[in-house]
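**Q** Structure provided below as structure tokens; questions to follow.
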Amino acid sequence: MKYELLEGGIANISLDNGKANAVSFELAQEFIANLDRAKSEGKGVLITGHVGIFSAGFDLKVMASGPEAAQKMVSEGMLLLEKIYSHPQPVVVACEGHAIGMGVFLLLASDYRIGALGEFVLKLPETAIDMPFNPTLRILAKTHVDALHHTRAIIQSQGYSPLEAATIGMLDEAVDAGQVQEKALAKLTELCELPSSRYAENKLFVREQEIQGIHQSLHGVK
């Protein structure tokens, strides 16, 4: 994972940690620390993967290593989603390829998502791989995926092209592959020009019920 403070106070957090950009316990921990860093020294957050793949989800090697390690990783991943979803600054994602499982949830937890047109798939595979949607995932999926696609996307594990994903809430825009980062940076710059305190206030107000539900499920407190 890489962190870089770009011009204009843009904190670029990159998932570029290998071929699949898998989310491990360590990556989730580092990501959370980088979000806190961005909050103190930046104005907005740009999340990137690399060309061809944004993230294939949780690290399958850890999943296969045993229930204790898998649960530790998933728990930290849910904390990461909570941090992104409640982050007071604008959060924009540049998705330049495939996004599977946790990769899609990183998109859903953000404020604006721009994907690359091409032979890429965005998919929630939980049913297909016999994995439950925990409360955090249920809240994000039901809130942000178009209700008309709940059956196909959530229950039936259907995969979507970037163009299709932009019509059902997984993405906001799908643009030519070479323009993704440029468009994402421009969008984030635009959002960072809005009054920051009002942006945070209204973001947390709109998401209040969902944030409370996620927080309660993870921490057991209201």
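Following the order of the structure tokens, first chain is A, next is B, and so on, with residues numbered from 1 inside each chain and ligands from 1 in the order they appear.
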I'd like the contact shell of segment 212-214 of chain A - 8 Å cut-off, only C-alpha atoms, skipping same-chain residues fewer than 5 positions apart - returned as a short mmCIF file (atom, residue, chain, number, x, y, z; two decimals) with C-alpha atoms, in the first residue's frame.

**A**
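Output (selection25.cif):
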data_model
loop_
_atom_site.label_atom_id
_atom_site.label_comp_id
_atom_site.auth_asym_id
_atom_site.auth_seq_id
_atom_site.Cartn_x
_atom_site.Cartn_y
_atom_site.Cartn_z
CA GLU A 82 -16.81 1.85 8.58
CA PRO A 135 -24.49 -6.71 8.92
CA THR A 136 -21.96 -4.19 7.54
CA ILE A 139 -26.21 -2.37 4.94
CA LYS A 222 -25.21 2.74 19.94
#

**Q** Near Ala200 of chain A, counting only C-alpha atoms, which residues have an atom at most 7 Å away, once you skip same-chain residues fewer than 4 positions from it, shown as a PyMOL selection string?

**A** chain A and resi 88-89+196+204

**Q** Within 6 Å of Phe54 of chain A, counting only C-alpha atoms, which residues show up once you throw out same-chain ones fewer than 4 positions away? Write them as a list of chain:residue names, please.

**A** A:Gly49, A:His50, A:Cys95, A:Glu96, A:Gly97, A:His98, A:Ala99

**Q** Which residue is closest to Gly52 of chain A? Choose from A:Ala141, A:Ala94, A:Ile10, A:Leu106 and count only C-alpha atoms.

**A** A:Ala94

**Q** Can you tell me, as a PyMOL selection string, what residues are no more than 9 Å from Leu27 of chain A when counting only C-alpha atoms, ignoring any on the same chain fewer than 4 positions away?

**A** chain A and resi 1+15+17+22-23+31-32+77

**Q** Excluding segment 142-146 of chain A and any residue of its chain fewer than 5 positions from it, enumerate the residues within 9 Å of it, using only C-alpha atoms, and give them as a VMD selection string.

**A** chain A and resid 108 to 109 137 153 to 154 167 to 170 210

**Q** DSSP says alpha helix (DSSP H) for which residues of segment 28-166 of chain A? Put them as a PyMOL selection string?

**A** chain A and resi 28-41+60-65+67-85+102-108+135-144+162-166

**Q** Considering only C-alpha atoms, return as a PyMOL selection string whatever protein or nucleic-acid residues lie within 6 Å of Tyr160 of chain A, sequence-local ones (same chain, fewer than 2 positions apart) excluded.

**A** chain A and resi 121-122+164-165

**Q** Report, in Å with one decimal, the straight-line distance from atom CA of Ala38 of chain A to atom CA of Pro162 of chain A.

**A**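 Taking atom CA of Ala38 of chain A and atom CA of Pro162 of chain A, their separation equals 28.2 Å.
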
**Q** With distances taken over only C-alpha atoms, which of A:Arg207, A:Ile155, A:Tyr112, A:Asp130 is nearest to Glu190 of chain A?

**A**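 The shortest atom-to-atom distance to Glu190 of chain A comes from A:Tyr112.
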
**Q** Can you tell me how far atom CA of Phe105 of chain A sits from atom CA of Leu194 of chain A, in Å to one decimal?

**A**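 Taking atom CA of Phe105 of chain A and atom CA of Leu194 of chain A, their separation equals 25.5 Å.
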
**Q** Run DSSP on the backbone and tell me which residues of segment 15-88 of chain A come out as strand (DSSP E or B); list them as a list of chain:residue names.

**A**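 Here is the list: A:Val23, A:Gly44, A:Val45, A:Leu46, A:Ile47, A:Thr48, A:His50, A:Gly52, A:Ile53, A:Phe54, A:Ser55, A:Phe58.
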
**Q** How would the residues just picked look written out with C-alpha atoms as a short mmCIF file (atom, residue, chain, number, x, y, z; two decimals), in the first residue's frame?

**A**
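Saved to selection28.cif:
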data_model
loop_
_atom_site.label_atom_id
_atom_site.label_comp_id
_atom_site.auth_asym_id
_atom_site.auth_seq_id
_atom_site.Cartn_x
_atom_site.Cartn_y
_atom_site.Cartn_z
CA VAL A 23 -7.32 -7.02 1.34
CA GLY A 44 -9.90 14.64 0.33
CA VAL A 45 -9.03 11.02 -0.41
CA LEU A 46 -8.38 9.35 -3.77
CA ILE A 47 -8.37 5.54 -3.61
CA THR A 48 -6.66 3.70 -6.46
CA HIS A 50 -3.78 -0.48 -10.60
CA GLY A 52 -6.49 -4.21 -14.80
CA ILE A 53 -7.69 -4.75 -11.27
CA PHE A 54 -8.89 -2.58 -8.42
CA SER A 55 -9.20 -5.36 -5.84
CA PHE A 58 -10.13 -10.52 0.78
#
